[in-house]
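Student: Next comes coords_32.csv, CSV, C-alpha atoms:
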```csv
chain,number,residue,atom,x,y,z
A,19,MET,CA,-186.9,82.5,78.1
A,20,PHE,CA,-183.5,80.8,78.2
A,21,GLY,CA,-184.6,78.0,80.5
A,22,ARG,CA,-184.1,75.0,78.3
A,23,LEU,CA,-181.4,76.6,76.3
A,24,GLY,CA,-179.6,77.6,79.5
A,25,GLN,CA,-179.9,74.1,80.8
A,26,ALA,CA,-178.7,72.5,77.6
A,27,LEU,CA,-175.7,74.9,77.1
A,28,GLY,CA,-174.8,75.7,80.6
A,29,PRO,CA,-173.2,79.0,81.7
A,30,TRP,CA,-170.1,78.7,79.5
A,31,GLY,CA,-172.2,77.7,76.5
A,32,LEU,CA,-174.4,80.8,76.9
A,33,LEU,CA,-171.4,83.0,77.3
A,34,ALA,CA,-169.9,81.5,74.1
A,35,VAL,CA,-173.1,82.1,72.2
A,36,GLY,CA,-173.2,85.7,73.5
A,37,VAL,CA,-169.7,86.3,72.3
A,38,VAL,CA,-170.3,84.9,68.9
A,39,VAL,CA,-173.5,87.0,68.5
A,40,GLY,CA,-171.7,90.1,69.7
A,41,VAL,CA,-168.8,89.6,67.4
A,42,ALA,CA,-171.1,88.9,64.4
A,43,ALA,CA,-173.2,92.0,65.1
A,44,SER,CA,-170.5,94.5,66.0
A,45,PRO,CA,-167.8,95.6,63.5
A,46,PRO,CA,-165.4,96.9,66.3
A,47,LEU,CA,-165.7,93.6,68.1
A,48,ARG,CA,-165.2,91.7,64.8
A,49,LYS,CA,-162.1,93.7,64.1
A,50,GLY,CA,-160.8,93.0,67.6
A,51,ALA,CA,-161.6,89.3,67.4
A,52,ARG,CA,-159.7,89.2,64.1
A,53,ARG,CA,-156.7,90.9,65.6
A,54,LEU,CA,-156.8,88.5,68.5
A,55,ALA,CA,-157.0,85.5,66.1
A,56,VAL,CA,-154.1,86.8,64.0
A,57,LEU,CA,-151.9,87.2,67.1
A,58,ALA,CA,-152.9,83.8,68.4
A,59,THR,CA,-152.0,82.2,65.1
A,60,ARG,CA,-148.7,84.1,64.9
A,61,GLY,CA,-147.9,82.9,68.5
A,62,VAL,CA,-148.7,79.2,67.7
A,63,LEU,CA,-146.6,79.3,64.5
A,64,SER,CA,-143.7,80.9,66.4
A,65,ILE,CA,-143.9,78.2,69.1
A,66,ALA,CA,-144.1,75.5,66.4
A,67,ASP,CA,-140.9,76.9,64.7
A,68,GLU,CA,-139.0,77.0,68.0
A,69,ALA,CA,-140.1,73.5,68.8
A,70,LYS,CA,-138.9,72.3,65.4
A,71,LYS,CA,-135.5,74.0,65.9
A,72,LEU,CA,-135.2,72.5,69.4
A,73,THR,CA,-135.9,69.1,68.0
A,74,GLU,CA,-133.3,69.5,65.3
A,75,ASP,CA,-130.7,70.6,67.9
A,76,ILE,CA,-131.5,67.7,70.2
A,77,LYS,CA,-131.1,65.2,67.3
A,78,LYS,CA,-127.8,66.8,66.4
A,79,VAL,CA,-126.5,66.6,70.0
A,80,ALA,CA,-127.7,63.0,70.3
A,81,GLY,CA,-126.0,62.1,67.1
A,82,GLU,CA,-122.7,63.6,68.3
A,83,ALA,CA,-123.0,61.9,71.6
A,84,LYS,CA,-123.7,58.5,69.9
A,85,GLY,CA,-120.6,59.1,67.7
A,86,GLU,CA,-118.5,59.8,70.8
A,87,LEU,CA,-119.9,56.7,72.6
A,88,ASP,CA,-119.2,54.5,69.5
A,89,LYS,CA,-115.6,55.8,69.5
A,90,LEU,CA,-115.2,55.1,73.2
A,91,VAL,CA,-116.7,51.6,72.9
A,92,GLU,CA,-114.4,50.8,69.9
A,93,GLU,CA,-111.4,52.1,71.9
A,94,ALA,CA,-112.3,50.0,74.9
A,95,ARG,CA,-112.6,46.9,72.6
A,96,THR,CA,-109.2,47.7,71.1
A,97,VAL,CA,-107.5,48.1,74.5
A,98,GLY,CA,-109.3,45.0,75.8
A,99,THR,CA,-108.1,43.0,72.8
A,100,GLU,CA,-104.5,44.2,73.1
A,101,GLY,CA,-104.5,43.4,76.8
A,102,THR,CA,-105.7,39.9,76.2
A,103,ALA,CA,-103.1,39.3,73.5
A,104,GLN,CA,-100.3,40.5,75.8
A,105,ALA,CA,-101.5,38.2,78.7
A,106,GLU,CA,-101.3,35.1,76.5
```
Using structure tokens, write down the structure that the file contains.
Tutor:
Amino acid sequence: MFGRLGQALGPWGLLAVGVVVGVAASPPLRKGARRLAVLATRGVLSIADEAKKLTEDIKKVAGEAKGELDKLVEEARTVGTEGTAQAE
């Protein structure tokens, strides 16, 4: 009965078709699937928000580090210039 269909879809395909048919035909399964989809969506959005916050924090720290590095380089140039002027 499922010979060609089973070969075309494979075991995971048949399982997916069974789940879809079961969810479509059964109100309790549909309700459970909806809850699961809502929780999964909530989780994905939460992870996306955390990733955005982390990215902003990393950019802030990188900007501060660049500012400190620029100050250090400028100080080194100033000290190097003063030392050269004194040697002459």
Student: Just the number, please: distance in Å from atom CA of A:Leu33 to atom CA of A:Arg60, one decimal.
Tutor: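 Spanning atom CA of A:Leu33 to atom CA of A:Arg60 is a straight-line distance of 25.9 Å.
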Student: As an MDAnalysis selection string, please: the residues near A:Leu47 (cut-off 10 Å, only C-alpha atoms, same-chain neighbours under 6 positions excluded).
Tutor: chainID A and resid 37:38 40:41 53
Student: Have a look at atom CA of A:Lys77 and atom CA of A:Ala58 and let me know their distance in Å, one decimal.
Tutor: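 A separation of 28.7 Å between them.
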Student: One decimal, Å: what's the distance from atom CA of A:Glu92 over to atom CA of A:Lys78, could you say?
Tutor: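 One can read the atom CA of A:Glu92 to atom CA of A:Lys78 distance as 21.2 Å.
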